[in-house]
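Reading through the structure tokens given below for one structure.
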Amino acid sequence: MKKRNVAIIGIGQTNFCSKRDDASIYDIVKEATDIALRDAGITREEIEAIVFPLAPDSLAGVLNSERWCVDSTSARNKRLIRINTGGSTGLSAVQVAYYHIASGMNNIVLVAGADKVGESGDVQIIMNKIWDPIYERKLPLTTINMLALSAIRYMHKYGMTETDMAKVVVKARNHASRNPHAHLRKKVTIDEVLKSRILSWPIKLFDSCPSSSGGAAMILASEDVAKKICIRPAWIRGIGQSTETYYLGDRMGTNALNDHADAYALSESFKRAYKMAGIVNPVKEVDVAELYNPFSNTEYHAIDAAGLCERGESIKLLGDGYFDIDGEVAVNPSGGTLCTNPIAVTGLIRAGEAALQVMHKAGDRQVKGAKVAIASANGGDHQFFATAVIGQDY
Amino acid sequence: MAIELQKITEKWDLTYNHAVGETASRYFYEIKENKQIFGKYCPSCKKVIVPPRSFCDSCFTDTTEWVKVANEGVIECATIICSPFKTLPDPPYALSYVKLDGADTAMGGYVKGIDLTNIDNAMNILKIGNRIKVIFKDDRQGNVLDYWFEPV
Amino acid sequence: MNTRVAITQVRREIFVEDNKRSLEERIYITIKKLLKDSNRTIQDIDCISISSNDQVDGRAISIMASSGSVGGVGRDIIDAPSSGDHSLIMGYMRVLSGLYESSLIVTWSMNEVDDLKAVQNLTADPIYQRKLGIHDIAAYALQASTYNDYYGISQEAVAQIVVKNRAYACNNSFAHLKKQVTTDEILSSEYISWPLRKLMLPEISSGIVAMIIASENKIEEWGLDKESVAWIKGIGWASDSYWFDKNNLKDLNSLKSASAQAYRQANIKNPIKEINVAEIHDPTAYYELMSYEALGLCEAGKASIFLHEELLQRDTIKINPSGGALSTNPYFATGMMRVAEAALQVIGKTGDHQISNVQTSLATATSGFAGQNNSVFILSRD
């Protein structure tokens with residue numbers, strides 16, 4: 001039977017910030033849904049199924065909040081599934097929505113969620129609980145020092161310096177200043193980054209993502225529906241997912257293929273998405289990359305893993321402006337996760353931004369002539385990697 | 001009439017009793033009683049996994065023999081935490097993953113016995129490849145806090 | 001795209017507690033046994049679809065440590081924590097889409113948390129409902145009392161569901177509670193949350209349910225007999241309002257929606273005639289009765305009559321021959337236990353409580369307060 005093509009026909013994002021004292025998760029999900037519906041030009045009645053991305057429930061303080069948000073997403077008497085793959089949740093949710101349509105079970109699917117990371121008083125306590133209680137939880141592991149350890153190994157392997165990390169932040173803030181939805185939009189200098197307080201060496205405050213609150217939504221549709229109602233849909237050409245071992249200590253030693261410095265499983269995930277999308281030469285064929293980067297150092301190994309250069313080469317190329325918004329391949333023209341991280345939906349935003357780019361609806365952050373974009377999201381202790389290839393054609 | 005925007009504070013207090021399993025229980029027993037560190041061998045990957053697990057997730061096979069590893073090894077990576085986080089120790093403190101001699105995987109632990117006042121000097125002592133040893137607490141409970149690392 | 005997907009192998013495990021193994025180890029052992037039973041290795045499986053509940057597990061992202069146990073390293077794995085059975089729905093769509101030809105489906109529930117009610121209460125929103133002390137049983141009690149107010153039902157009919165299921169469980173070596181109970185015992189057991197008495201509610205056990213599903217192409221490639229698998233003919237799933245009111249408490253609206261979807265896809269016009277066995281998720285005795293109505297087995301308010309005439313007297317469609325959740329309740333995995341039982345009935349490998357000549361079976365799975373979410377699965381031999 002013929003393959004069913006899947007399009008993205010609407011995207012919604014609230015403006016992200018630290019706290020939303022005026023609204024609960026329930027309200028924010030509705031806000032984002034409304035924006036996406038308006039963008040797609042469809043009504044709530046037309047939604048057939050909903051996929052709700054939600055990572056650690058404890059961050060927002062309500063378990064299984066997809067149930068609470070049934071009315072925010074118009075899920076009454078409709079299909080509702082919630083997804084949790086840690087930080088990659090948002091993009092995994094887009095993939096599950098993709099499966100609804102590609103399988104023929106539905107024609108119009110909403111992905112919508114929100115987070116209030118800034119409202120949780122104890123983000124890192126919760127993050128500490130992602131580790132198993134037997135070996136790792138008594139250690140002071142957090143997502144910050146876990147990725148600081150990755151930075152240490154990347155420095156050792158490829159010579160990355162603290163200044164190289166700071167360059168990623170400068171680029172990200174420059175891009176984010178053009179993005180009205182981004183949380184941290186203020187431009188910074190290399191010096192300011194280097195002088196910001198150390199969290200876990202070498203990661204400093206400015207090298208680190210913020211705790212963001214806000215919501216995002218996306219409408220996916222079958223080919224028939226998309227062609228009827230959308231002038232220029234974005235097509236999901238490929239999706240991929242792969243998984244690393246949960247054990248950080250297994251990703252070490254000399255010559256480990258899955259060295260904690262790199263993101264091997266992310267490169268495997270991209271290989272799968274590229275294969276499905278028919279992308280043979282990423283550097284030549286990809287115009288925009290929205291790559292999940294909660295810390296500045298992680299942008300480098302994400303670029304490497306996306307096959308945009310050889311491992312470790314990203315350092316020099318980024319310094320040369322290769323990955324700026326007007327460079328060879330624009331990496332994170334939205335400002336990326338480094339500027340906005342509402343955990344449950346960050347992965348969804350990566351796909352949403354990629355779609356906006358190929359639909360030419362990215363406003364001041366539009367990459368000229370963008371035709372093919374890629375998106376990635378990471379979850380767990382750098383363990384779950386979801387990827388997507390989104391283009392103007394299928 | 002200006003309505004006050006309310007906030008509700010919730011604290012979660014949930015208790016769990018997690019079965020640790022025979023493998024991890026034996027690992028902790030050897031540490032508590034004998035100050036010895038053991039790993040388990042994966043016959044398919046041909047690797048000694050430390051801390052030990054009853055199966056290897058990379059190849060999806062049961063691990064077989066128990067293998068004693070040295071109480072000394074090499075730093076695979078380390079960081080110094082300088083910012084405070086709730087329920088974690090007061091900063092600064094160091095965290096490292098160490099590959100003990102005889103093991104093929106690294107295990108995590110605190111690093112003590114280093115002057116952390118100058119971060120650059122301290123990170124130099126914590127360089128990848130530097131030798132490091134395990135120090136056992138006198139009053140051991142049978143968990144990962146029974147030991148830490150110190151530079152050789 | 002694939003045209004047909006079937007459940008080819010099922011493994012279910014029930015236990016009270018296991019101090020010898022950690023949660024991750026226990027899951028690994030189940031998957032190894034499932035693969036061995038099916039003569040396959042993890043390399044034969046294209047992707048992994050699981051459902052796990054962080055708070056039941058006590059791990060903030062429960063898929064993390066467990067991903068190794070389900071063969072996730074190097075593979076595509078997604079977790080749908082909204083309900084144990086969503087793992088199967090998600091896996092089904094993955095294989096039906098043609099992107100994958102097979103999937104491992106896993107869900108589990110270990111009894112490691114001290115106070116399950118406290119966990120359930122945290123699902124209640126902090127603004128309006130949490131301080132009212134809402135948890136599963138309280139919500140089911142509100143529902144039972146609303147159903148009774150609106151339609152009326154005798155206590156004897158409610159008790160009969162328990163008697164029926166607990167008697168069935170005596171024939172099921174997998175069941176947790178294998179002792180019959182009488183109407184007298186049930187109606188004199190203490191009230192837990194009026195009108196729900198202790199024996200109208202299940203006890204909690206631990207459990208793991210794992211399955212392999214595959215496309216028709218893959219089943220041919222594996223050389224399996226196409227009549228010894230359980231073909232998925234129809235699936236429906238739906239959610240109802242989160243807020244309690246008479247309308248969503250007196251009827252199981254989401255179960256009605258879900259069953260309409262499943263019947264439509266499976267082309268079922270007359271469920272009583274066309275379905276041989278139904279494994280209906282029964283978190284309380286009232287819930288099973290209300291499910292008969294929502295599934296269209298009888299009209300609204302007439303469940304007790306259906307129970308008497310169709311089931312107990314004429315013994316037509318068999319309902320919960322495994323003993324249901326009332327006899328075996330691995331909390332988060334209970335819904336999938338229903339699917340496992342329904343699949344095994346069609347495959348013919350249920351064990352001691354196998355019903356003969358099962359052509360088509362149905363399973364329901366519920367989650368959320370007062371059955372906010374419901375799924376329906378229709379399986380058949382061809």
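Ordering of the structure tokens sets the chain letters (A, B, ...), residue numbers begin anew at 1 in every chain, and ligands are numbered from 1 in the order given.
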Quiz item: Could you pull the residues within 6 Å of stretch 109-122 of chain B, counting only C-alpha atoms, minus those fewer than 3 positions along the same chain, as JSON, numbers by chain?
Solution: {"B": [94, 95, 96, 125, 148, 149, 150]}
Quiz item: Residues at most 9 Å from B:Val134, counting only C-alpha atoms, excluding those fewer than 6 positions away in the same chain, as a count of residues only?
Solution: 10
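Between atom CA of A:Ile28 and atom CA of B:Lys7 there is a distance of 16.1 Å.
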Return the neighbours of chain C among the residues of chain A, cut-off 7 Å, counting only C-alpha atoms, as a short mmCIF file (atom, residue, chain, number, x, y, z; two decimals) with N, CA, C and O atoms, in the first residue's frame.
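Done, and the output landed in result_29.cif:
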```cif
data_model
loop_
_atom_site.label_atom_id
_atom_site.label_comp_id
_atom_site.auth_asym_id
_atom_site.auth_seq_id
_atom_site.Cartn_x
_atom_site.Cartn_y
_atom_site.Cartn_z
N MET A 1 0.83 -1.20 0.00
CA MET A 1 0.00 0.00 0.00
C MET A 1 0.86 1.24 0.00
O MET A 1 1.95 1.26 0.56
N LYS A 2 0.35 2.29 -0.64
CA LYS A 2 1.13 3.51 -0.81
C LYS A 2 1.42 4.21 0.52
O LYS A 2 0.61 4.24 1.42
N LYS A 3 2.59 4.80 0.60
CA LYS A 3 2.97 5.54 1.79
C LYS A 3 2.11 6.80 1.91
O LYS A 3 1.84 7.47 0.91
N PRO A 56 9.18 15.12 32.95
CA PRO A 56 8.87 14.86 34.35
C PRO A 56 7.67 15.66 34.83
O PRO A 56 7.69 16.88 34.84
N VAL A 62 1.88 18.72 38.61
CA VAL A 62 0.62 17.97 38.48
C VAL A 62 0.94 16.71 37.69
O VAL A 62 1.51 16.80 36.61
N LEU A 63 0.60 15.56 38.23
CA LEU A 63 0.88 14.33 37.51
C LEU A 63 -0.13 14.13 36.39
O LEU A 63 -1.31 14.47 36.54
N ASN A 64 0.34 13.55 35.31
CA ASN A 64 -0.55 13.25 34.19
C ASN A 64 -1.41 14.46 33.82
O ASN A 64 -2.63 14.35 33.68
N SER A 65 -0.77 15.63 33.66
CA SER A 65 -1.58 16.83 33.41
C SER A 65 -2.26 16.83 32.05
O SER A 65 -3.07 17.71 31.77
N ARG A 67 -4.50 14.91 31.46
CA ARG A 67 -5.90 14.66 31.82
C ARG A 67 -6.59 15.97 32.21
O ARG A 67 -7.73 16.21 31.87
N TRP A 68 -5.86 16.79 32.92
CA TRP A 68 -6.37 18.10 33.33
C TRP A 68 -6.59 18.97 32.10
O TRP A 68 -7.57 19.72 32.03
N VAL A 70 -7.51 18.26 29.13
CA VAL A 70 -8.40 17.69 28.11
C VAL A 70 -9.17 18.80 27.38
O VAL A 70 -9.32 18.78 26.16
N ALA A 75 -9.92 17.60 23.81
CA ALA A 75 -9.78 16.15 23.68
C ALA A 75 -11.00 15.37 24.14
O ALA A 75 -10.97 14.14 24.13
N ARG A 76 -12.07 16.04 24.54
CA ARG A 76 -13.25 15.29 25.02
C ARG A 76 -13.77 14.38 23.93
O ARG A 76 -14.09 14.83 22.83
N ASN A 77 -13.89 13.11 24.28
CA ASN A 77 -14.35 12.08 23.34
C ASN A 77 -13.46 11.93 22.13
O ASN A 77 -13.89 11.42 21.10
N LYS A 78 -12.24 12.39 22.26
CA LYS A 78 -11.29 12.21 21.17
C LYS A 78 -10.11 11.41 21.68
O LYS A 78 -9.98 11.14 22.86
N ARG A 79 -9.23 11.08 20.76
CA ARG A 79 -8.07 10.27 21.08
C ARG A 79 -7.00 11.14 21.74
O ARG A 79 -6.68 12.20 21.23
N LEU A 80 -6.48 10.65 22.87
CA LEU A 80 -5.45 11.42 23.59
C LEU A 80 -4.37 10.47 24.11
O LEU A 80 -4.67 9.51 24.80
N ILE A 81 -3.15 10.73 23.74
CA ILE A 81 -2.01 9.95 24.25
C ILE A 81 -0.96 10.94 24.73
O ILE A 81 -0.75 11.97 24.11
N ARG A 82 -0.31 10.61 25.82
CA ARG A 82 0.76 11.47 26.30
C ARG A 82 2.10 10.75 26.13
O ARG A 82 2.20 9.54 26.25
N ILE A 83 3.13 11.52 25.85
CA ILE A 83 4.46 10.97 25.59
C ILE A 83 5.47 11.52 26.60
O ILE A 83 5.39 12.68 26.98
N ASN A 84 6.40 10.69 27.02
CA ASN A 84 7.51 11.14 27.87
C ASN A 84 8.81 10.44 27.52
O ASN A 84 8.98 9.27 27.84
N THR A 85 9.71 11.16 26.87
CA THR A 85 11.05 10.62 26.65
C THR A 85 12.04 11.65 27.17
O THR A 85 13.06 11.94 26.54
N GLY A 86 11.72 12.23 28.34
CA GLY A 86 12.61 13.24 28.93
C GLY A 86 12.62 14.49 28.05
O GLY A 86 11.60 14.90 27.52
N SER A 92 9.47 13.53 20.13
CA SER A 92 8.86 12.19 20.12
C SER A 92 7.35 12.30 19.92
O SER A 92 6.74 11.48 19.24
N TYR A 99 2.79 9.10 13.24
CA TYR A 99 2.34 7.72 13.09
C TYR A 99 0.81 7.63 13.00
O TYR A 99 0.28 6.79 12.30
N HIS A 100 0.10 8.50 13.74
CA HIS A 100 -1.37 8.52 13.66
C HIS A 100 -1.80 8.67 12.21
O HIS A 100 -2.74 8.03 11.75
N ALA A 102 0.31 8.60 9.29
CA ALA A 102 0.96 7.67 8.35
C ALA A 102 0.32 6.29 8.38
O ALA A 102 0.37 5.54 7.41
N SER A 103 -0.30 5.93 9.51
CA SER A 103 -0.94 4.62 9.65
C SER A 103 -2.36 4.63 9.10
O SER A 103 -3.00 3.60 9.00
N ILE A 126 14.49 17.41 41.16
CA ILE A 126 13.70 16.53 40.31
C ILE A 126 14.61 15.87 39.29
O ILE A 126 14.54 14.67 39.06
N LYS A 129 16.38 12.95 40.41
CA LYS A 129 15.58 11.74 40.54
C LYS A 129 15.39 10.99 39.22
O LYS A 129 14.70 9.98 39.18
N ILE A 130 15.98 11.50 38.14
CA ILE A 130 15.88 10.73 36.91
C ILE A 130 16.86 9.57 36.96
O ILE A 130 16.71 8.61 36.21
N ASP A 132 18.70 6.24 38.59
CA ASP A 132 18.15 5.11 39.32
C ASP A 132 18.59 5.18 40.77
O ASP A 132 19.68 5.65 41.09
N GLN A 241 14.96 7.88 15.52
CA GLN A 241 15.15 7.87 16.97
C GLN A 241 16.19 6.81 17.27
O GLN A 241 16.21 5.75 16.64
N SER A 242 17.09 7.11 18.18
CA SER A 242 17.96 6.05 18.68
C SER A 242 18.31 6.33 20.14
O SER A 242 18.09 7.44 20.64
N THR A 243 18.85 5.31 20.79
CA THR A 243 18.99 5.35 22.24
C THR A 243 20.39 4.96 22.67
O THR A 243 20.96 4.00 22.14
N GLU A 244 20.93 5.69 23.63
CA GLU A 244 22.25 5.40 24.18
C GLU A 244 22.07 4.56 25.44
O GLU A 244 20.98 4.54 26.02
N THR A 245 23.13 3.91 25.88
CA THR A 245 23.05 3.23 27.16
C THR A 245 22.80 4.27 28.27
O THR A 245 23.32 5.37 28.22
N TYR A 246 22.00 3.89 29.22
CA TYR A 246 21.68 4.78 30.34
C TYR A 246 22.93 5.07 31.18
O TYR A 246 23.03 6.12 31.80
N ALA A 265 24.55 8.16 19.49
CA ALA A 265 23.17 7.75 19.22
C ALA A 265 22.43 8.83 18.44
O ALA A 265 21.51 8.53 17.68
N GLY A 380 16.61 12.32 28.68
CA GLY A 380 17.26 11.47 29.67
C GLY A 380 18.66 11.97 29.97
O GLY A 380 18.96 13.14 29.81
#
```
Exercise. With a cut-off of 7 Å and counting only C-alpha atoms, select all residues of chain A in contact with chain B and give the selection as a list of chain:residue names.
Key: A:Gln124, A:Ile125, A:Ile134, A:Tyr135, A:Lys138, A:Leu139, A:Pro140, A:Asn145, A:Ala148, A:Leu149, A:Ile152, A:Arg153, A:Ile198, A:Leu199, A:Ser200, A:Trp201, A:Thr245, A:Gly249, A:Asp250, A:Met252, A:Gly253
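Between atom CA of A:Ile374 and atom CA of A:Tyr274 lies a distance of 9.4 Å.
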Practice problem: Please identify which residues in stretch 179-351 of chain A DSSP calls strand (DSSP E) from the backbone, and express them as an MDAnalysis selection string. | Solution: chainID A and resid 198:200 203:204 213:222 234:243 288:290 330:331
Self-check item: stretch 301-303 of chain A environment, 8 Å, only C-alpha atoms, sequence neighbours closer than 5 positions dropped, as a PyMOL selection string
Solution: chain A and resi 261-263+266+291-293+308-309+311-312+314
Self-check item: Non-local contacts of C:Tyr331 (8 Å; only C-alpha atoms; under 3 positions in same chain excluded) as an MDAnalysis selection string
Solution: chainID C and resid 109 204:206 334
Convert the current residue selection to file output with N, CA, C and O atoms, as a PDB file, in the first residue's frame.
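Listed below is the output, selection.pdb:
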```pdb
ATOM      1  N   SER C 109       4.207  -2.586  36.328  1.00  0.00           N
ATOM      2  CA  SER C 109       3.767  -1.869  37.524  1.00  0.00           C
ATOM      3  C   SER C 109       4.319  -2.610  38.731  1.00  0.00           C
ATOM      4  O   SER C 109       3.928  -3.742  38.983  1.00  0.00           O
ATOM      5  N   ILE C 204      -3.855  -4.762  45.235  1.00  0.00           N
ATOM      6  CA  ILE C 204      -2.800  -4.355  44.307  1.00  0.00           C
ATOM      7  C   ILE C 204      -1.712  -5.416  44.283  1.00  0.00           C
ATOM      8  O   ILE C 204      -1.285  -5.900  45.333  1.00  0.00           O
ATOM      9  N   SER C 205      -1.278  -5.774  43.066  1.00  0.00           N
ATOM     10  CA  SER C 205      -0.118  -6.663  42.961  1.00  0.00           C
ATOM     11  C   SER C 205       0.862  -5.995  41.996  1.00  0.00           C
ATOM     12  O   SER C 205       0.603  -4.904  41.494  1.00  0.00           O
ATOM     13  N   SER C 206       1.972  -6.648  41.752  1.00  0.00           N
ATOM     14  CA  SER C 206       2.925  -6.153  40.751  1.00  0.00           C
ATOM     15  C   SER C 206       2.769  -7.000  39.501  1.00  0.00           C
ATOM     16  O   SER C 206       2.312  -8.144  39.571  1.00  0.00           O
ATOM     17  N   THR C 334      -2.708  -3.273  34.605  1.00  0.00           N
ATOM     18  CA  THR C 334      -3.941  -4.071  34.594  1.00  0.00           C
ATOM     19  C   THR C 334      -4.678  -4.013  33.267  1.00  0.00           C
ATOM     20  O   THR C 334      -5.219  -5.016  32.803  1.00  0.00           O
TER      21      THR C 334
END
```
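In terms of minimum interatomic distance to A:Val96, A:Ile239 ranks closest within A:Ser334, A:Ile47, A:Ser120, A:Ile239, counting only C-alpha atoms.
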Exercise. Report the distance between atom CA of C:Leu201 and atom CA of C:Ile27 in Å, rounded to one decimal place.
Key: 27.0 Å
Practice problem: Check stretch 13-129 of chain B with DSSP on the backbone and list each residue it calls alpha helix (DSSP H), as a count of residues only. | Solution: 21
Practice problem: Tell me, as an NGL selection string, which residues lie within 8 Å of stretch 317-327 of chain C, counting only C-alpha atoms; anything in the same chain fewer than 3 positions away does not count. | Solution: :C and (162 or 164-172 or 175-178 or 200-203 or 272-273 or 275-285 or 310-311 or 334 or 338 or 341 or 353)
Exercise. Would you list the contacts of A:Ala221 as a PyMOL selection string, taking every protein, DNA or RNA residue within 12 Å and counting only C-alpha atoms, but skipping same-chain residues closer than 5 positions in sequence?
Key: chain A and resi 4-10+40+42+46-49+94+97-102+104-111+226-230+233-236
With N, CA and C atoms retained, export the selected residues as a short mmCIF file (atom, residue, chain, number, x, y, z; two decimals), in the first residue's frame.
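Done, and the output landed in part-v6.cif:
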```
data_model
loop_
_atom_site.label_atom_id
_atom_site.label_comp_id
_atom_site.auth_asym_id
_atom_site.auth_seq_id
_atom_site.Cartn_x
_atom_site.Cartn_y
_atom_site.Cartn_z
N ARG A 4 1.69 7.10 3.11
CA ARG A 4 0.90 8.31 3.34
C ARG A 4 1.82 9.44 3.78
N ASN A 5 1.81 10.55 3.07
CA ASN A 5 2.65 11.68 3.43
C ASN A 5 2.00 12.51 4.52
N VAL A 6 2.82 13.09 5.37
CA VAL A 6 2.32 13.84 6.52
C VAL A 6 2.87 15.26 6.50
N ALA A 7 1.98 16.22 6.69
CA ALA A 7 2.38 17.63 6.64
C ALA A 7 2.18 18.31 7.98
N ILE A 8 2.91 19.40 8.18
CA ILE A 8 2.68 20.28 9.31
C ILE A 8 1.98 21.49 8.73
N ILE A 9 0.79 21.81 9.24
CA ILE A 9 0.04 22.92 8.65
C ILE A 9 -0.16 24.10 9.59
N GLY A 10 0.24 23.96 10.84
CA GLY A 10 0.09 25.10 11.75
C GLY A 10 1.01 24.95 12.95
N ALA A 40 -3.20 27.38 11.34
CA ALA A 40 -3.58 26.35 10.37
C ALA A 40 -4.89 26.68 9.67
N ILE A 42 -7.89 26.04 11.03
CA ILE A 42 -8.92 25.01 11.28
C ILE A 42 -9.55 25.26 12.65
N GLU A 46 -12.40 20.13 14.26
CA GLU A 46 -11.74 19.32 13.22
C GLU A 46 -10.58 18.48 13.75
N ILE A 47 -10.14 18.78 14.98
CA ILE A 47 -9.06 17.97 15.55
C ILE A 47 -9.60 16.58 15.84
N GLU A 48 -8.89 15.55 15.39
CA GLU A 48 -9.36 14.18 15.61
C GLU A 48 -8.63 13.49 16.76
N ALA A 49 -7.38 13.81 16.94
CA ALA A 49 -6.57 13.14 17.97
C ALA A 49 -5.55 14.12 18.49
N VAL A 94 5.77 14.64 18.27
CA VAL A 94 5.52 14.93 16.85
C VAL A 94 5.60 13.62 16.06
N ALA A 97 2.45 11.68 16.55
CA ALA A 97 1.38 12.29 15.75
C ALA A 97 1.56 11.88 14.28
N TYR A 98 2.79 11.86 13.84
CA TYR A 98 3.11 11.41 12.48
C TYR A 98 2.57 10.00 12.25
N TYR A 99 2.79 9.10 13.24
CA TYR A 99 2.34 7.72 13.09
C TYR A 99 0.81 7.63 13.00
N HIS A 100 0.10 8.50 13.74
CA HIS A 100 -1.37 8.52 13.66
C HIS A 100 -1.80 8.67 12.21
N ILE A 101 -1.13 9.59 11.50
CA ILE A 101 -1.55 9.91 10.14
C ILE A 101 -0.96 8.92 9.14
N ALA A 102 0.31 8.60 9.29
CA ALA A 102 0.96 7.67 8.35
C ALA A 102 0.32 6.29 8.38
N GLY A 104 -2.85 5.84 8.78
CA GLY A 104 -4.22 5.92 8.28
C GLY A 104 -5.27 6.01 9.37
N MET A 105 -4.85 6.04 10.64
CA MET A 105 -5.83 6.08 11.73
C MET A 105 -6.49 7.45 11.84
N ASN A 106 -5.78 8.50 11.46
CA ASN A 106 -6.35 9.84 11.56
C ASN A 106 -5.84 10.74 10.44
N ASN A 107 -6.52 11.88 10.25
CA ASN A 107 -6.10 12.84 9.23
C ASN A 107 -5.67 14.20 9.77
N ILE A 108 -6.13 14.53 10.97
CA ILE A 108 -5.73 15.83 11.56
C ILE A 108 -5.40 15.59 13.03
N VAL A 109 -4.16 15.84 13.40
CA VAL A 109 -3.71 15.56 14.77
C VAL A 109 -3.06 16.80 15.37
N LEU A 110 -3.40 17.06 16.63
CA LEU A 110 -2.81 18.19 17.35
C LEU A 110 -1.74 17.68 18.30
N VAL A 111 -0.60 18.36 18.34
CA VAL A 111 0.39 18.11 19.38
C VAL A 111 0.43 19.40 20.18
N ALA A 226 -3.94 18.60 3.89
CA ALA A 226 -2.94 19.68 3.76
C ALA A 226 -3.08 20.39 2.43
N LYS A 227 -3.24 19.61 1.37
CA LYS A 227 -3.31 20.24 0.05
C LYS A 227 -4.58 21.07 -0.11
N LYS A 228 -5.63 20.69 0.61
CA LYS A 228 -6.88 21.46 0.51
C LYS A 228 -6.79 22.79 1.22
N ILE A 229 -6.19 22.78 2.43
CA ILE A 229 -6.32 23.99 3.25
C ILE A 229 -5.03 24.76 3.51
N CYS A 230 -3.89 24.24 3.10
CA CYS A 230 -2.65 24.94 3.44
C CYS A 230 -1.92 25.36 2.19
N PRO A 233 2.41 23.85 2.95
CA PRO A 233 2.65 23.04 4.14
C PRO A 233 4.13 22.67 4.24
N ALA A 234 4.53 22.30 5.44
CA ALA A 234 5.87 21.74 5.62
C ALA A 234 5.68 20.24 5.66
N TRP A 235 6.51 19.48 4.96
CA TRP A 235 6.33 18.02 4.90
C TRP A 235 7.37 17.33 5.76
N ILE A 236 6.91 16.33 6.52
CA ILE A 236 7.84 15.56 7.34
C ILE A 236 8.42 14.48 6.44
#
```
Exercise. Identify which of the residues B:Asn130, B:Thr64, B:Thr15, B:Ser44 lies closest to chain C, counting only C-alpha atoms when measuring atom-to-atom distances.
Key: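 Of all the options, B:Thr15 lies closest to chain C.
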